[in-house]
$ cat start-v5.cif   # mmCIF, C-alpha atoms
data_entry
loop_
_atom_site.label_atom_id
_atom_site.label_comp_id
_atom_site.auth_asym_id
_atom_site.auth_seq_id
_atom_site.Cartn_x
_atom_site.Cartn_y
_atom_site.Cartn_z
CA MET A 1 0.00 0.00 0.00
CA SER A 2 2.75 2.41 0.76
CA ASN A 3 5.03 3.38 -2.08
CA GLY A 4 8.09 4.12 0.13
CA ARG A 5 7.50 7.83 0.32
CA SER A 6 6.98 9.67 3.51
CA GLY A 7 4.97 12.86 4.05
CA SER A 8 8.10 15.03 3.94
CA GLY A 9 8.49 14.57 0.20
CA SER A 10 5.64 16.92 -0.59
CA SER A 11 7.09 19.71 1.56
CA GLY A 12 10.40 19.43 -0.30
CA SER A 13 8.72 20.11 -3.62
CA ALA A 14 6.80 23.02 -2.09
CA SER A 15 10.03 24.63 -0.88
CA SER A 16 11.66 24.19 -4.27
CA LYS A 17 8.63 25.88 -5.87
CA SER A 18 8.90 28.80 -3.46
CA ILE A 19 12.60 29.17 -4.29
CA LYS A 20 11.78 29.19 -7.98
CA ASN A 21 9.06 31.78 -7.40
CA ALA A 22 11.41 33.90 -5.28
CA GLN A 23 13.90 33.95 -8.15
CA ARG A 24 11.23 35.44 -10.42
CA VAL A 25 10.72 38.47 -8.19
CA HIS A 26 12.23 41.68 -9.59
CA ASN A 27 12.26 45.12 -8.02
CA TYR A 28 10.21 47.69 -9.90
CA SER A 29 12.12 50.72 -11.05
CA VAL A 30 11.00 53.54 -13.30
CA ARG A 31 13.47 54.71 -15.88
CA VAL A 32 12.93 58.37 -16.61
CA ASP A 33 14.60 60.03 -19.54
CA PRO A 34 16.16 63.32 -18.32
CA GLU A 35 14.64 65.15 -21.29
CA GLU A 36 11.16 63.94 -20.31
CA ALA A 37 11.51 64.60 -16.57
CA PRO A 38 8.78 66.75 -15.04
CA ALA A 39 9.55 70.44 -14.77
CA ASP A 40 10.63 71.88 -11.45
CA TRP A 41 7.96 74.53 -10.95
CA GLY A 42 9.32 75.55 -7.56
CA ALA A 43 12.61 76.67 -9.08
CA LEU A 44 10.84 78.59 -11.84
CA VAL A 45 8.51 80.37 -9.41
CA SER A 46 11.48 81.13 -7.16
CA LEU A 47 13.45 82.63 -10.01
CA LEU A 48 10.54 84.75 -11.26
CA CYS A 49 9.59 85.99 -7.80
CA GLY A 50 13.22 86.66 -6.97
CA VAL A 51 13.75 88.79 -10.07
CA PHE A 52 10.45 90.61 -9.52
CA GLY A 53 11.21 91.23 -5.85
CA LEU A 54 14.71 92.45 -6.63
CA MET A 55 13.73 94.79 -9.46
CA MET A 56 10.51 96.15 -7.99
CA ARG A 57 11.70 96.20 -4.36
CA ASN A 58 8.78 94.02 -3.35
CA LYS A 59 9.31 92.27 0.00
CA LEU A 60 6.41 89.84 -0.43
CA ALA A 61 7.78 88.59 -3.75
CA SER A 62 11.23 88.18 -2.18
CA TRP A 63 9.82 86.09 0.66
CA ALA A 64 7.79 84.01 -1.84
CA ALA A 65 11.00 83.44 -3.79
CA LEU A 66 12.79 82.24 -0.67
CA PHE A 67 10.04 79.83 0.34
CA SER A 68 9.58 78.42 -3.16
CA CYS A 69 13.35 78.02 -3.40
CA MET A 70 13.35 76.05 -0.15
CA TYR A 71 10.50 73.91 -1.50
CA SER A 72 12.41 73.26 -4.70
CA VAL A 73 15.63 72.29 -2.91
CA ALA A 74 13.72 70.05 -0.48
CA ASN A 75 12.11 68.15 -3.37
CA LEU A 76 15.33 67.91 -5.34
CA ARG A 77 15.98 64.60 -7.04
CA ARG A 78 19.55 63.51 -7.39
CA HIS A 79 19.38 62.62 -11.08
CA GLU A 80 18.05 66.05 -12.08
CA ALA A 81 20.29 68.18 -9.89
CA ASP A 82 21.58 71.17 -11.84
CA THR A 83 23.84 73.08 -9.47
CA LYS A 84 23.95 76.24 -11.56
CA GLN A 85 20.16 76.51 -11.73
CA TYR A 86 19.68 76.02 -8.00
CA MET A 87 22.47 78.42 -7.07
CA THR A 88 20.87 81.05 -9.32
CA THR A 89 17.48 80.69 -7.67
CA VAL A 90 18.98 80.78 -4.18
CA MET A 91 21.04 83.87 -4.99
CA PHE A 92 18.09 85.78 -6.47
CA ALA A 93 15.92 84.91 -3.47
CA LEU A 94 18.59 85.95 -0.96
CA MET A 95 19.67 89.08 -2.84
CA GLY A 96 16.06 90.21 -3.13
CA LEU A 97 15.67 89.98 0.64
CA VAL A 98 19.03 91.63 1.33
CA MET A 99 18.35 94.52 -1.03
CA ASN A 100 14.83 95.02 0.36
CA TYR A 101 15.87 95.07 3.99
CA PHE A 102 19.47 96.37 3.91
CA GLY A 103 19.81 98.10 0.52
CA PRO A 104 20.03 101.79 -0.29
CA ALA A 105 16.24 102.28 -0.37
CA ALA A 106 15.89 100.72 3.09
CA ARG A 107 18.63 102.99 4.47
CA ARG A 108 16.98 106.03 2.92
CA ALA A 109 13.59 105.07 4.42
CA ALA A 110 15.18 104.52 7.83
CA ALA A 111 16.94 107.90 7.65
CA GLU A 112 13.68 109.64 6.73
CA ALA A 113 11.85 107.90 9.56
CA GLY A 114 14.57 108.99 12.00
CA THR A 115 14.35 112.68 11.04
CA GLN A 116 10.60 112.93 11.50
#
$ encode --input "start-v5.cif" --output "structure tokens"
Amino acid sequence: MSNGRSGSGSSGSASSKSIKNAQRVHNYSVRVDPEEAPADWGALVSLLCGVFGLMMRNKLASWAALFSCMYSVANLRRHEADTKQYMTTVMFALMGLVMNYFGPAARRAAAEAGTQ
């Protein structure tokens, strides 16, 4: 009646099937072409607000440039890092704030406020 097999033979084939199935598992990775990567809107908004804040002496635009620059740097992906672009946006944001708060127009306004 018995064919010489014990109950452990079926578990051996099950483990070999699981090893075969484990070898079929591949990690999913998305390959993005750098030319088709999504645009970094935070850097663009930062650059535009920074230039506007610097040229028009607008403090609100300078602060918006700084915060959008921080957003852009925080969401930076390593494969799309362009150092020159990010340094430009940071410099426009910071120079807009510096010129609004410590520039010649700010000194003139402080001198006028002190004389009155």
$ atom_distance --input "start-v5.cif" --atom1 "atom CA of Phe67 of chain A" --atom2 "atom CA of Leu48 of chain A"
12.6 Å
$ closest_residue --input "start-v5.cif" --among "A:Met55, A:Ile19, A:Val25, A:Val45" --to "Tyr71 of chain A" --atoms "only C-alpha atoms"
A:Val45
$ residues_around --input "start-v5.cif" --residues "Met87 of chain A" --least-positions-apart "3" --cutoff "12 Å" --atoms "all atoms listed in the file" --output "ChimeraX atom specification"
/A:43,46-47,69-70,72-73,81-84,90-95
$ resolve_selection --input "start-v5.cif" --expression "the PyMOL selection byres ((chain A and resi 59) around 12)" --output "NGL selection string"
:A and (49-58 or 60-66 or 93-102 or 106)
$ atom_distance --input "start-v5.cif" --atom1 "atom CA of Gly42 of chain A" --atom2 "atom CA of Thr88 of chain A"
12.9 Å
$ atom_distance --input "start-v5.cif" --atom1 "atom CA of Asn75 of chain A" --atom2 "atom CA of Arg31 of chain A"
18.4 Å
$ axis_aligned_box --input "start-v5.cif" --around "segment 18-27 of chain A" --padding-each-side "4 Å" --output "lines of an AutoDock Vina configuration file"
center_x = 11.4
center_y = 37.0
center_z = -6.9
size_x = 13.0
size_y = 24.3
size_z = 15.0
$ build_atoms --input "start-v5.cif" --residues "segment 80-91 of chain A" --atoms "all heavy atoms" --output "PDB file, in the frame of the given file"
ATOM      1  N   GLU A  80      18.331  64.831 -11.319  1.00  0.00           N
ATOM      2  CA  GLU A  80      18.050  66.050 -12.080  1.00  0.00           C
ATOM      3  C   GLU A  80      18.681  67.280 -11.428  1.00  0.00           C
ATOM      4  O   GLU A  80      18.261  68.397 -11.681  1.00  0.00           O
ATOM      5  CB  GLU A  80      16.551  66.238 -12.247  1.00  0.00           C
ATOM      6  CG  GLU A  80      15.804  66.457 -10.959  1.00  0.00           C
ATOM      7  CD  GLU A  80      14.316  66.550 -11.167  1.00  0.00           C
ATOM      8  OE1 GLU A  80      13.779  65.883 -12.066  1.00  0.00           O
ATOM      9  OE2 GLU A  80      13.689  67.292 -10.407  1.00  0.00           O
ATOM     10  N   ALA A  81      19.656  67.070 -10.597  1.00  0.00           N
ATOM     11  CA  ALA A  81      20.290  68.180  -9.890  1.00  0.00           C
ATOM     12  C   ALA A  81      21.155  68.987 -10.855  1.00  0.00           C
ATOM     13  O   ALA A  81      22.104  68.474 -11.431  1.00  0.00           O
ATOM     14  CB  ALA A  81      21.122  67.663  -8.732  1.00  0.00           C
ATOM     15  N   ASP A  82      20.795  70.245 -11.036  1.00  0.00           N
ATOM     16  CA  ASP A  82      21.580  71.170 -11.840  1.00  0.00           C
ATOM     17  C   ASP A  82      22.056  72.265 -10.893  1.00  0.00           C
ATOM     18  O   ASP A  82      21.283  73.133 -10.502  1.00  0.00           O
ATOM     19  CB  ASP A  82      20.742  71.737 -12.978  1.00  0.00           C
ATOM     20  CG  ASP A  82      21.543  72.631 -13.895  1.00  0.00           C
ATOM     21  OD1 ASP A  82      22.788  72.592 -13.825  1.00  0.00           O
ATOM     22  OD2 ASP A  82      20.930  73.372 -14.688  1.00  0.00           O
ATOM     23  N   THR A  83      23.308  72.193 -10.502  1.00  0.00           N
ATOM     24  CA  THR A  83      23.840  73.080  -9.470  1.00  0.00           C
ATOM     25  C   THR A  83      23.730  74.546  -9.864  1.00  0.00           C
ATOM     26  O   THR A  83      23.368  75.391  -9.038  1.00  0.00           O
ATOM     27  CB  THR A  83      25.312  72.728  -9.196  1.00  0.00           C
ATOM     28  OG1 THR A  83      25.400  71.326  -8.929  1.00  0.00           O
ATOM     29  CG2 THR A  83      25.841  73.494  -8.015  1.00  0.00           C
ATOM     30  N   LYS A  84      23.995  74.847 -11.109  1.00  0.00           N
ATOM     31  CA  LYS A  84      23.950  76.240 -11.560  1.00  0.00           C
ATOM     32  C   LYS A  84      22.543  76.817 -11.446  1.00  0.00           C
ATOM     33  O   LYS A  84      22.366  77.954 -11.003  1.00  0.00           O
ATOM     34  CB  LYS A  84      24.437  76.327 -13.004  1.00  0.00           C
ATOM     35  CG  LYS A  84      24.660  77.749 -13.477  1.00  0.00           C
ATOM     36  CD  LYS A  84      25.047  77.799 -14.944  1.00  0.00           C
ATOM     37  CE  LYS A  84      26.390  77.152 -15.153  1.00  0.00           C
ATOM     38  NZ  LYS A  84      26.862  77.271 -16.541  1.00  0.00           N
ATOM     39  N   GLN A  85      21.541  76.042 -11.802  1.00  0.00           N
ATOM     40  CA  GLN A  85      20.160  76.510 -11.730  1.00  0.00           C
ATOM     41  C   GLN A  85      19.759  76.768 -10.280  1.00  0.00           C
ATOM     42  O   GLN A  85      19.168  77.803  -9.966  1.00  0.00           O
ATOM     43  CB  GLN A  85      19.229  75.469 -12.335  1.00  0.00           C
ATOM     44  CG  GLN A  85      17.762  75.830 -12.198  1.00  0.00           C
ATOM     45  CD  GLN A  85      16.857  74.700 -12.642  1.00  0.00           C
ATOM     46  OE1 GLN A  85      17.314  73.660 -13.089  1.00  0.00           O
ATOM     47  NE2 GLN A  85      15.568  74.899 -12.504  1.00  0.00           N
ATOM     48  N   TYR A  86      20.081  75.851  -9.393  1.00  0.00           N
ATOM     49  CA  TYR A  86      19.680  76.020  -8.000  1.00  0.00           C
ATOM     50  C   TYR A  86      20.449  77.140  -7.313  1.00  0.00           C
ATOM     51  O   TYR A  86      19.890  77.857  -6.492  1.00  0.00           O
ATOM     52  CB  TYR A  86      19.815  74.700  -7.238  1.00  0.00           C
ATOM     53  CG  TYR A  86      18.716  73.749  -7.616  1.00  0.00           C
ATOM     54  CD1 TYR A  86      18.949  72.692  -8.476  1.00  0.00           C
ATOM     55  CD2 TYR A  86      17.433  73.943  -7.151  1.00  0.00           C
ATOM     56  CE1 TYR A  86      17.938  71.845  -8.846  1.00  0.00           C
ATOM     57  CE2 TYR A  86      16.408  73.106  -7.513  1.00  0.00           C
ATOM     58  CZ  TYR A  86      16.668  72.057  -8.361  1.00  0.00           C
ATOM     59  OH  TYR A  86      15.650  71.230  -8.735  1.00  0.00           O
ATOM     60  N   MET A  87      21.704  77.307  -7.650  1.00  0.00           N
ATOM     61  CA  MET A  87      22.470  78.420  -7.070  1.00  0.00           C
ATOM     62  C   MET A  87      21.915  79.761  -7.552  1.00  0.00           C
ATOM     63  O   MET A  87      21.874  80.729  -6.787  1.00  0.00           O
ATOM     64  CB  MET A  87      23.949  78.291  -7.417  1.00  0.00           C
ATOM     65  CG  MET A  87      24.652  77.171  -6.683  1.00  0.00           C
ATOM     66  SD  MET A  87      24.520  77.280  -4.898  1.00  0.00           S
ATOM     67  CE  MET A  87      25.384  78.782  -4.578  1.00  0.00           C
ATOM     68  N   THR A  88      21.470  79.824  -8.794  1.00  0.00           N
ATOM     69  CA  THR A  88      20.870  81.050  -9.320  1.00  0.00           C
ATOM     70  C   THR A  88      19.591  81.394  -8.582  1.00  0.00           C
ATOM     71  O   THR A  88      19.386  82.550  -8.185  1.00  0.00           O
ATOM     72  CB  THR A  88      20.596  80.907 -10.831  1.00  0.00           C
ATOM     73  OG1 THR A  88      21.816  80.579 -11.495  1.00  0.00           O
ATOM     74  CG2 THR A  88      20.027  82.184 -11.413  1.00  0.00           C
ATOM     75  N   THR A  89      18.732  80.409  -8.365  1.00  0.00           N
ATOM     76  CA  THR A  89      17.480  80.690  -7.670  1.00  0.00           C
ATOM     77  C   THR A  89      17.718  81.087  -6.218  1.00  0.00           C
ATOM     78  O   THR A  89      17.073  82.002  -5.709  1.00  0.00           O
ATOM     79  CB  THR A  89      16.522  79.486  -7.731  1.00  0.00           C
ATOM     80  OG1 THR A  89      17.154  78.351  -7.138  1.00  0.00           O
ATOM     81  CG2 THR A  89      16.133  79.156  -9.148  1.00  0.00           C
ATOM     82  N   VAL A  90      18.669  80.434  -5.571  1.00  0.00           N
ATOM     83  CA  VAL A  90      18.980  80.780  -4.180  1.00  0.00           C
ATOM     84  C   VAL A  90      19.542  82.194  -4.101  1.00  0.00           C
ATOM     85  O   VAL A  90      19.168  82.989  -3.229  1.00  0.00           O
ATOM     86  CB  VAL A  90      19.970  79.753  -3.578  1.00  0.00           C
ATOM     87  CG1 VAL A  90      20.531  80.240  -2.259  1.00  0.00           C
ATOM     88  CG2 VAL A  90      19.294  78.414  -3.389  1.00  0.00           C
ATOM     89  N   MET A  91      20.427  82.536  -5.018  1.00  0.00           N
ATOM     90  CA  MET A  91      21.040  83.870  -4.990  1.00  0.00           C
ATOM     91  C   MET A  91      20.020  84.970  -5.271  1.00  0.00           C
ATOM     92  O   MET A  91      20.057  86.026  -4.628  1.00  0.00           O
ATOM     93  CB  MET A  91      22.208  83.957  -5.984  1.00  0.00           C
ATOM     94  CG  MET A  91      23.397  83.109  -5.578  1.00  0.00           C
ATOM     95  SD  MET A  91      23.972  83.408  -3.898  1.00  0.00           S
ATOM     96  CE  MET A  91      24.521  85.069  -4.010  1.00  0.00           C
TER      97      MET A  91
END
